[in-house]
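> Would you mind keeping the following structure in view while I ask a few things?
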There are 2 protein chains.
Amino acid sequence: MSLDLGVLISGRGSNLGAILDAIGDGRLDARVRLVVSNRADAGGLDRAARAGVPTRVLSHRDHADRPSYDAALVAALREAGAHFVALAGFMRLLGPTFLDAFPHRVLNIHPSLLPAFPGVDAQAQALAYGSRVTGCTVHLVDAGTDTGPIVAQAAVPILPGDDHDALAARVLAREHDLLVRALEWFAEGRVEVTPAADPGGRARVVVRGAHTWFGLAGGVD
Amino acid sequence: MSLDLGVLISGRGSNLGAILDAIGDGRLDARVRLVVSNRADAGGLDRAARAGVPTRVLSHRDHADRPSYDAALVAALREAGAHFVALAGFMRLLGPTFLDAFPHRVLNIHPSLLPAFPGVDAQAQALAYGSRVTGCTVHLVDAGTDTGPIVAQAAVPILPGDDHDALAARVLAREHDLLVRALEWFAEGRVEVTPAADPGGRARVVVRGAHTWFGLAGGVD
């Protein structure tokens with residue numbers, strides 16, 4: 001089945017670009033029904049427009065609280081026919097009003113091997129820690145910051161002499177690949193989500209017939 | 001230069017075994033001057049004895065507090081001629097009395113990609129989290145739990161269907177390799193430790209002429 005996607009961005013939308021390229025190449029069976037940015041100056045809006053994809057700017061500043069902003073996002077996505085949501089550098093937390101509207105159908109990509117380095121500027125966190133291995137994580141979004149159940153992860157080395165830009169670029173190349181793969185698994189109906197067995201537990205994601213780890217010798221690259 | 005090693009254990013000492021094997025094979029230029037266990041029933045004591053290595057049992061229960069226990073450990077290691085300490089499954093925290101006696105010369109191996117999954121049973125933590133990539137970390141020991149500066153890391157995949165034993169065995173094979181490599185770097189005098197630049201910062205470890213990340217495609221395996 002084809003995936004009817006809504007993509008939320010806040011910036012240049014490089015992962016949005018990867019999605020649009022993969023759709024254009026026939027690697028991803030999906031249509032981007034709407035791109036929403038919370039910032040009018042997000043570079044990704046131009047990228048979407050060039051691909052002929054509808055765009056909306058919905059600023060959280062125009063809404064009194066998170067539920068009202070979330071409801072506006074949901075209405076715009078539903079109106080456009082989006083049934084699955086990818087966060088591509090969207091820098092706002094989403095609350096239950098949004099998440100309950102797309103249960104287990106909101107995907108995020110984060111530039112670290114979660115649970116390490118959640119939150120803002122994961123690459124700077126990894127460099128400051130002196131890590132040798134980092135990576136990126138595709139996960140379903142829950143109410144926490146980068147806490148949702150993991151779909152796939154890719155490992156990336158940190159090399160001697162890496163600065164922030166060098167590391168971010170290396171991780172970003174992996175992000176593009178991992179996000180597109182994960183979306184394709186959803187498009188193919190291969191993803192099963194098992195709710196947490198107990199209140200303190202975590203939901204589990206199983207992808208039938210796919211490796212969900214990348215960047216490792218002997219694994220899938 | 002050869003490394004005069006003290007090895008601290010609490011259990012079967014499989015990483016101790018890897019060290020002894022590597023010395024026996026000529027891969028590691030070191031001598032184990034003493035193996036200390038805090039438990040009399042640690043299987044690693046037999047392994048050490050078979051290799052002709054002196055052993056001591058020093059129980060924390062025979063000491064009133066950590067400084068007094070730490071001082072007993074330091075005295076035993078110094079008396080045996082150990083100048084560098086490897087923790088191989090040693091399950092006690094070491095305090096400043098110990099760490100100040102071997103500055104930047106106490107190495108630990110932990111079965112996760114720190115800072116993810118510190119503390120007890122990292123493999124169970126990784127499985128419970130639903131991670132796809134974990135690994136192991138060799139780091140210098142500081143006063144925290146698995147917080148010291150990183151020397152090297154190796155990534156290891158978590159496969160569908162992995163149980164605790166399967167994952168632990170896969171990580172352990174990497175631990176053996178990573179710990180021996182790291183000790184050899186110290187033996188060769190290739191490790192430089194730069195203290196933290198500011199009070200809240202972290203010390204940095206640079207290994208001259210060595211890759212310090214493993215298990216990644218395209219990297220050193």
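For the structure tokens, the naming scheme is as follows: chains receive sequential letters (A, B, ...) according to their order of presentation, residues are indexed from 1 within each chain, and ligands are indexed from 1 in presentation order.
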Counting only C-alpha atoms, give me one row per residue of chain B with an atom at most 6 Å from an atom of chain A, showing the shortest contact pair and its distance in Å to one decimal, sorted by chain then residue number, as a Markdown table.


```
| residue | atom | partner | partner_atom | distance |
| --- | --- | --- | --- | --- |
| B:Pro115 | CA | A:Ala116 | CA | 6.0 |
| B:Ala116 | CA | A:Ala116 | CA | 4.9 |
| B:Arg132 | CA | A:Trp213 | CA | 5.5 |
| B:Gln153 | CA | A:Arg132 | CA | 5.7 |
| B:Trp213 | CA | A:Arg132 | CA | 5.5 |
| B:Gly215 | CA | A:Ala217 | CA | 5.4 |
| B:Leu216 | CA | A:Leu216 | CA | 3.8 |
| B:Ala217 | CA | A:Ala217 | CA | 3.8 |
```

> Please provide as a PyMOL selection string all residues within 10 Å of A:Ser37, with the sequence filter that same-chain residues fewer than 4 positions apart are discarded (counting only C-alpha atoms).

chain A and resi 7-11+13+41-45+55-60+73+88-91

> Got a sec to align chain B on chain A by every in-order Cα pair and hand back the fitted coordinates as a short mmCIF file (atom, residue, chain, number, x, y, z; two decimals) with C-alpha atoms, in the first residue's frame?


```
data_model
loop_
_atom_site.label_atom_id
_atom_site.label_comp_id
_atom_site.auth_asym_id
_atom_site.auth_seq_id
_atom_site.Cartn_x
_atom_site.Cartn_y
_atom_site.Cartn_z
CA MET B 1 0.02 -0.01 0.00
CA SER B 2 1.16 3.54 -0.55
CA LEU B 3 1.82 5.72 2.46
CA ASP B 4 -0.05 9.03 2.68
CA LEU B 5 2.53 11.13 4.46
CA GLY B 6 2.50 14.35 6.37
CA VAL B 7 5.95 15.72 7.09
CA LEU B 8 6.62 18.23 9.88
CA ILE B 9 9.73 20.42 9.65
CA SER B 10 11.31 23.39 11.38
CA GLY B 11 14.40 23.98 9.24
CA ARG B 12 16.05 23.06 5.98
CA GLY B 13 14.29 19.72 5.85
CA SER B 14 17.15 17.60 4.59
CA ASN B 15 15.32 14.45 5.69
CA LEU B 16 12.25 15.73 3.86
CA GLY B 17 14.49 16.02 0.80
CA ALA B 18 15.58 12.40 1.26
CA ILE B 19 11.94 11.32 1.40
CA LEU B 20 11.04 13.26 -1.73
CA ASP B 21 14.09 11.91 -3.58
CA ALA B 22 13.23 8.35 -2.59
CA ILE B 23 9.65 8.79 -3.79
CA GLY B 24 10.94 10.30 -7.03
CA ASP B 25 13.34 7.37 -7.55
CA GLY B 26 10.63 4.80 -6.88
CA ARG B 27 12.42 3.54 -3.75
CA LEU B 28 9.60 4.62 -1.45
CA ASP B 29 5.96 3.93 -2.21
CA ALA B 30 4.46 7.06 -0.66
CA ARG B 31 2.94 10.42 -1.39
CA VAL B 32 3.69 13.49 0.68
CA ARG B 33 0.25 14.99 1.12
CA LEU B 34 1.40 17.99 3.14
CA VAL B 35 4.52 19.56 4.59
CA VAL B 36 3.92 21.66 7.70
CA SER B 37 6.52 23.97 9.19
CA ASN B 38 6.22 25.84 12.47
CA ARG B 39 8.54 28.48 11.01
CA ALA B 40 7.83 30.54 7.93
CA ASP B 41 11.54 30.74 7.07
CA ALA B 42 12.15 26.97 7.02
CA GLY B 43 14.20 26.11 3.94
CA GLY B 44 12.35 22.83 3.59
CA LEU B 45 9.25 24.74 2.45
CA ASP B 46 11.03 25.68 -0.77
CA ARG B 47 12.20 22.12 -1.25
CA ALA B 48 8.62 20.90 -0.89
CA ALA B 49 7.25 23.53 -3.25
CA ARG B 50 9.80 22.56 -5.90
CA ALA B 51 8.52 18.99 -5.66
CA GLY B 52 4.94 20.20 -6.10
CA VAL B 53 4.00 19.25 -2.55
CA PRO B 54 1.46 21.40 -0.64
CA THR B 55 2.88 23.31 2.32
CA ARG B 56 1.46 25.06 5.35
CA VAL B 57 3.06 27.26 7.99
CA LEU B 58 1.45 26.74 11.37
CA SER B 59 3.23 28.65 14.12
CA HIS B 60 2.90 27.53 17.70
CA ARG B 61 2.99 31.23 18.53
CA ASP B 62 -0.49 31.65 17.07
CA HIS B 63 -1.92 29.18 19.56
CA ALA B 64 -2.59 29.61 23.25
CA ASP B 65 -1.44 26.18 24.31
CA ARG B 66 -0.15 22.88 23.06
CA PRO B 67 -3.54 21.13 22.72
CA SER B 68 -4.80 23.94 20.52
CA TYR B 69 -1.65 23.91 18.38
CA ASP B 70 -1.75 20.12 18.16
CA ALA B 71 -5.39 20.24 17.07
CA ALA B 72 -4.53 22.70 14.29
CA LEU B 73 -1.77 20.39 13.07
CA VAL B 74 -4.10 17.39 13.13
CA ALA B 75 -6.79 19.26 11.22
CA ALA B 76 -4.36 20.40 8.51
CA LEU B 77 -2.90 16.92 8.08
CA ARG B 78 -6.30 15.21 7.98
CA GLU B 79 -7.66 17.73 5.54
CA ALA B 80 -4.69 17.03 3.24
CA GLY B 81 -5.27 13.28 3.44
CA ALA B 82 -2.17 12.38 5.48
CA HIS B 83 -2.48 9.16 7.48
CA PHE B 84 1.12 8.80 8.64
CA VAL B 85 3.43 11.51 9.96
CA ALA B 86 7.20 11.84 9.70
CA LEU B 87 9.02 14.39 11.84
CA ALA B 88 11.98 15.70 9.87
CA GLY B 89 13.75 18.11 12.18
CA PHE B 90 10.52 19.35 13.74
CA MET B 91 11.57 21.10 16.93
CA ARG B 92 8.30 21.11 18.90
CA LEU B 93 7.11 18.48 21.34
CA LEU B 94 3.79 16.89 20.39
CA GLY B 95 1.17 16.15 23.03
CA PRO B 96 -1.57 13.56 23.35
CA THR B 97 -3.97 15.60 21.21
CA PHE B 98 -1.66 14.99 18.27
CA LEU B 99 -0.34 11.54 19.14
CA ASP B 100 -3.79 10.08 19.83
CA ALA B 101 -4.89 11.22 16.36
CA PHE B 102 -2.13 9.14 14.71
CA PRO B 103 -1.63 6.20 17.06
CA HIS B 104 1.74 4.52 16.47
CA ARG B 105 1.88 6.39 13.16
CA VAL B 106 4.26 9.25 13.99
CA LEU B 107 7.89 8.58 13.17
CA ASN B 108 10.91 10.60 14.24
CA ILE B 109 14.58 10.40 13.37
CA HIS B 110 17.12 11.42 15.99
CA PRO B 111 20.88 11.81 15.40
CA SER B 112 22.16 9.50 18.15
CA LEU B 113 21.86 5.91 19.30
CA LEU B 114 19.06 6.52 21.76
CA PRO B 115 18.78 6.41 24.72
CA ALA B 116 22.20 8.13 24.54
CA PHE B 117 22.16 11.87 23.80
CA PRO B 118 18.45 12.71 23.60
CA GLY B 119 17.23 16.24 23.05
CA VAL B 120 18.92 19.14 21.35
CA ASP B 121 22.19 18.82 19.38
CA ALA B 122 22.95 15.16 19.93
CA GLN B 123 26.13 15.40 17.87
CA ALA B 124 27.57 18.10 20.14
CA GLN B 125 26.64 15.97 23.14
CA ALA B 126 28.45 12.95 21.66
CA LEU B 127 31.56 14.99 20.89
CA ALA B 128 31.57 16.52 24.37
CA TYR B 129 31.27 13.07 25.92
CA GLY B 130 34.24 11.77 23.96
CA SER B 131 32.22 8.93 22.41
CA ARG B 132 33.77 6.77 19.66
CA VAL B 133 30.50 5.40 18.29
CA THR B 134 27.26 7.29 17.76
CA GLY B 135 24.60 6.98 15.09
CA CYS B 136 20.94 7.64 14.48
CA THR B 137 17.63 6.20 15.59
CA VAL B 138 14.22 6.00 13.92
CA HIS B 139 11.53 5.66 16.55
CA LEU B 140 7.81 6.04 17.02
CA VAL B 141 6.99 9.23 18.85
CA ASP B 142 5.51 9.18 22.33
CA ALA B 143 4.92 11.98 24.81
CA GLY B 144 8.57 12.09 25.95
CA THR B 145 11.60 13.66 24.33
CA ASP B 146 13.11 10.99 22.07
CA THR B 147 11.80 8.20 24.28
CA GLY B 148 9.50 6.30 21.94
CA PRO B 149 9.91 2.67 20.82
CA ILE B 150 12.79 2.09 18.45
CA VAL B 151 12.19 0.98 14.87
CA ALA B 152 15.79 0.94 13.59
CA GLN B 153 19.26 2.20 14.45
CA ALA B 154 22.45 2.83 12.49
CA ALA B 155 25.90 3.15 14.04
CA VAL B 156 28.35 5.82 12.89
CA PRO B 157 31.97 6.24 14.01
CA ILE B 158 33.33 9.42 15.57
CA LEU B 159 36.78 9.98 14.07
CA PRO B 160 39.77 11.74 15.63
CA GLY B 161 39.62 15.39 14.63
CA ASP B 162 35.89 15.40 13.94
CA ASP B 163 34.25 18.74 14.50
CA HIS B 164 30.52 19.25 14.79
CA ASP B 165 29.92 19.74 11.08
CA ALA B 166 31.96 16.72 10.02
CA LEU B 167 30.18 14.45 12.47
CA ALA B 168 26.74 15.89 11.71
CA ALA B 169 27.26 15.31 7.99
CA ARG B 170 28.33 11.69 8.52
CA VAL B 171 25.32 10.99 10.73
CA LEU B 172 22.95 12.84 8.38
CA ALA B 173 23.86 10.60 5.45
CA ARG B 174 22.81 7.64 7.60
CA GLU B 175 19.64 9.42 8.73
CA HIS B 176 18.46 9.82 5.15
CA ASP B 177 18.92 6.14 4.44
CA LEU B 178 17.43 4.91 7.72
CA LEU B 179 14.35 7.13 7.59
CA VAL B 180 13.51 6.13 4.02
CA ARG B 181 13.95 2.44 4.81
CA ALA B 182 11.72 2.70 7.87
CA LEU B 183 8.98 4.51 5.94
CA GLU B 184 9.11 1.83 3.26
CA TRP B 185 8.60 -0.85 5.94
CA PHE B 186 5.47 0.97 7.06
CA ALA B 187 4.34 1.35 3.44
CA GLU B 188 4.77 -2.39 2.98
CA GLY B 189 2.78 -3.18 6.13
CA ARG B 190 5.71 -5.03 7.71
CA VAL B 191 5.77 -3.15 11.02
CA GLU B 192 4.08 -4.59 14.09
CA VAL B 193 3.75 -2.56 17.26
CA THR B 194 3.10 -4.41 20.52
CA PRO B 195 1.91 -2.17 23.34
CA ALA B 196 3.79 -2.28 26.62
CA ALA B 197 2.95 -5.39 28.62
CA ASP B 198 2.92 -3.52 31.93
CA PRO B 199 2.41 0.11 32.95
CA GLY B 200 6.12 0.85 33.36
CA GLY B 201 7.10 -1.07 30.24
CA ARG B 202 7.81 -0.03 26.67
CA ALA B 203 5.97 -0.72 23.44
CA ARG B 204 7.93 -2.97 21.07
CA VAL B 205 8.35 -2.63 17.33
CA VAL B 206 9.01 -5.68 15.17
CA VAL B 207 9.71 -5.36 11.46
CA ARG B 208 9.00 -8.61 9.64
CA GLY B 209 11.81 -9.84 7.43
CA ALA B 210 14.08 -6.83 7.79
CA HIS B 211 17.35 -6.08 9.51
CA THR B 212 16.85 -3.05 11.70
CA TRP B 213 20.48 -2.36 12.55
CA PHE B 214 22.92 -0.75 10.14
CA GLY B 215 26.42 0.50 9.86
CA LEU B 216 27.92 -2.56 11.54
CA ALA B 217 30.46 -4.86 9.98
CA GLY B 218 28.79 -8.08 9.02
CA GLY B 219 25.40 -6.41 9.10
CA VAL B 220 23.32 -4.63 6.54
CA ASP B 221 24.96 -1.52 5.26
#
```

> Among stretch 27-149 of chain B, which residues does DSSP mark as helix (DSSP H, G or I) when it is run on the backbone? Keep the chain and numbering as in the structure and answer as a ChimeraX atom specification.

/B:44-50,60-62,66-80,96-99,122-129

> Write the residues of the preceding selection, restricted to N, CA, C and O atoms, as a compact mmCIF listing (two decimals), in the first residue's frame.


```
# COMPACT_ATOMS: atom_id res chain seq x y z
N GLY B 44 37.25 -16.76 38.46
CA GLY B 44 38.47 -16.22 37.86
C GLY B 44 39.71 -16.51 38.68
O GLY B 44 40.83 -16.49 38.14
N LEU B 45 39.54 -16.78 39.97
CA LEU B 45 40.71 -17.11 40.81
C LEU B 45 41.36 -18.39 40.35
O LEU B 45 42.61 -18.50 40.31
N ASP B 46 40.55 -19.38 39.97
CA ASP B 46 41.09 -20.63 39.45
C ASP B 46 41.81 -20.40 38.12
O ASP B 46 42.89 -20.96 37.88
N ARG B 47 41.18 -19.58 37.29
CA ARG B 47 41.78 -19.29 35.99
C ARG B 47 43.17 -18.66 36.16
O ARG B 47 44.11 -19.00 35.45
N ALA B 48 43.26 -17.74 37.13
CA ALA B 48 44.53 -17.08 37.39
C ALA B 48 45.55 -18.08 37.91
O ALA B 48 46.71 -18.11 37.47
N ALA B 49 45.12 -18.91 38.85
CA ALA B 49 46.04 -19.89 39.44
C ALA B 49 46.59 -20.83 38.39
O ALA B 49 47.78 -21.17 38.39
N ARG B 50 45.72 -21.25 37.47
CA ARG B 50 46.18 -22.14 36.38
C ARG B 50 47.26 -21.48 35.52
O ARG B 50 48.11 -22.15 34.95
N HIS B 60 35.34 -6.70 50.77
CA HIS B 60 34.94 -5.40 51.32
C HIS B 60 34.27 -5.57 52.67
O HIS B 60 34.21 -4.65 53.45
N ARG B 61 33.79 -6.77 52.94
CA ARG B 61 33.09 -7.00 54.21
C ARG B 61 34.05 -6.98 55.40
O ARG B 61 33.64 -6.84 56.54
N ASP B 62 35.33 -7.15 55.13
CA ASP B 62 36.32 -7.12 56.22
C ASP B 62 36.81 -5.71 56.52
O ASP B 62 37.74 -5.54 57.31
N ARG B 66 34.81 2.40 52.70
CA ARG B 66 35.45 2.31 51.39
C ARG B 66 36.90 2.75 51.42
O ARG B 66 37.76 2.07 50.81
N PRO B 67 37.25 3.87 52.07
CA PRO B 67 38.67 4.25 52.08
C PRO B 67 39.56 3.15 52.64
O PRO B 67 40.66 2.91 52.12
N SER B 68 39.10 2.47 53.67
CA SER B 68 39.94 1.42 54.25
C SER B 68 40.06 0.22 53.31
O SER B 68 41.13 -0.37 53.16
N TYR B 69 38.95 -0.11 52.63
CA TYR B 69 39.02 -1.21 51.65
C TYR B 69 39.90 -0.81 50.48
O TYR B 69 40.76 -1.59 50.02
N ASP B 70 39.71 0.41 49.99
CA ASP B 70 40.53 0.89 48.88
C ASP B 70 42.01 0.85 49.24
O ASP B 70 42.85 0.45 48.41
N ALA B 71 42.34 1.24 50.46
CA ALA B 71 43.74 1.27 50.87
C ALA B 71 44.33 -0.14 50.90
O ALA B 71 45.49 -0.35 50.53
N ALA B 72 43.51 -1.11 51.30
CA ALA B 72 43.99 -2.50 51.31
C ALA B 72 44.24 -2.99 49.88
O ALA B 72 45.23 -3.69 49.61
N LEU B 73 43.36 -2.61 48.96
CA LEU B 73 43.56 -2.99 47.56
C LEU B 73 44.86 -2.36 47.02
O LEU B 73 45.67 -3.04 46.36
N VAL B 74 45.04 -1.08 47.31
CA VAL B 74 46.23 -0.38 46.82
C VAL B 74 47.49 -1.03 47.36
O VAL B 74 48.46 -1.29 46.61
N ALA B 75 47.48 -1.34 48.65
CA ALA B 75 48.66 -1.95 49.26
C ALA B 75 48.99 -3.29 48.61
O ALA B 75 50.15 -3.59 48.30
N ALA B 76 47.96 -4.12 48.40
CA ALA B 76 48.19 -5.44 47.79
C ALA B 76 48.74 -5.31 46.38
O ALA B 76 49.68 -6.02 45.99
N LEU B 77 48.17 -4.38 45.61
CA LEU B 77 48.62 -4.21 44.22
C LEU B 77 50.05 -3.68 44.17
O LEU B 77 50.88 -4.15 43.39
N ARG B 78 50.34 -2.70 45.03
CA ARG B 78 51.69 -2.12 45.03
C ARG B 78 52.72 -3.14 45.46
O ARG B 78 53.80 -3.24 44.86
N GLU B 79 52.37 -3.89 46.47
CA GLU B 79 53.29 -4.92 46.97
C GLU B 79 53.62 -5.94 45.88
O GLU B 79 54.74 -6.45 45.80
N ALA B 80 52.62 -6.22 45.03
CA ALA B 80 52.82 -7.20 43.95
C ALA B 80 53.52 -6.60 42.74
O ALA B 80 53.87 -7.32 41.81
N PRO B 96 38.27 7.71 45.79
CA PRO B 96 39.50 8.48 45.53
C PRO B 96 40.75 7.86 46.14
O PRO B 96 41.85 8.02 45.58
N THR B 97 40.62 7.17 47.26
CA THR B 97 41.81 6.54 47.85
C THR B 97 42.46 5.61 46.84
O THR B 97 43.69 5.55 46.70
N PHE B 98 41.64 4.86 46.12
CA PHE B 98 42.17 3.95 45.11
C PHE B 98 42.57 4.71 43.84
O PHE B 98 43.69 4.55 43.33
N LEU B 99 41.66 5.53 43.35
CA LEU B 99 41.89 6.17 42.04
C LEU B 99 43.09 7.12 42.07
O LEU B 99 43.84 7.22 41.10
N ALA B 122 23.80 -4.27 31.81
CA ALA B 122 23.58 -3.39 30.66
C ALA B 122 22.86 -4.11 29.53
O ALA B 122 22.06 -3.51 28.80
N GLN B 123 23.13 -5.40 29.37
CA GLN B 123 22.49 -6.13 28.27
C GLN B 123 20.98 -6.23 28.50
O GLN B 123 20.20 -6.06 27.56
N ALA B 124 20.58 -6.50 29.74
CA ALA B 124 19.15 -6.55 30.04
C ALA B 124 18.51 -5.18 29.82
O ALA B 124 17.38 -5.08 29.33
N GLN B 125 19.23 -4.13 30.18
CA GLN B 125 18.71 -2.78 29.95
C GLN B 125 18.51 -2.53 28.45
O GLN B 125 17.49 -1.96 28.04
N ALA B 126 19.47 -2.95 27.64
CA ALA B 126 19.37 -2.71 26.19
C ALA B 126 18.21 -3.50 25.59
O ALA B 126 17.47 -3.00 24.74
N LEU B 127 18.04 -4.74 26.04
CA LEU B 127 16.93 -5.54 25.54
C LEU B 127 15.59 -4.92 25.96
O LEU B 127 14.66 -4.84 25.17
N ALA B 128 15.51 -4.49 27.22
CA ALA B 128 14.25 -3.90 27.70
C ALA B 128 13.93 -2.61 26.96
O ALA B 128 12.76 -2.28 26.75
N TYR B 129 14.96 -1.90 26.54
CA TYR B 129 14.72 -0.63 25.82
C TYR B 129 14.27 -0.87 24.39
O TYR B 129 13.68 -0.01 23.76
```
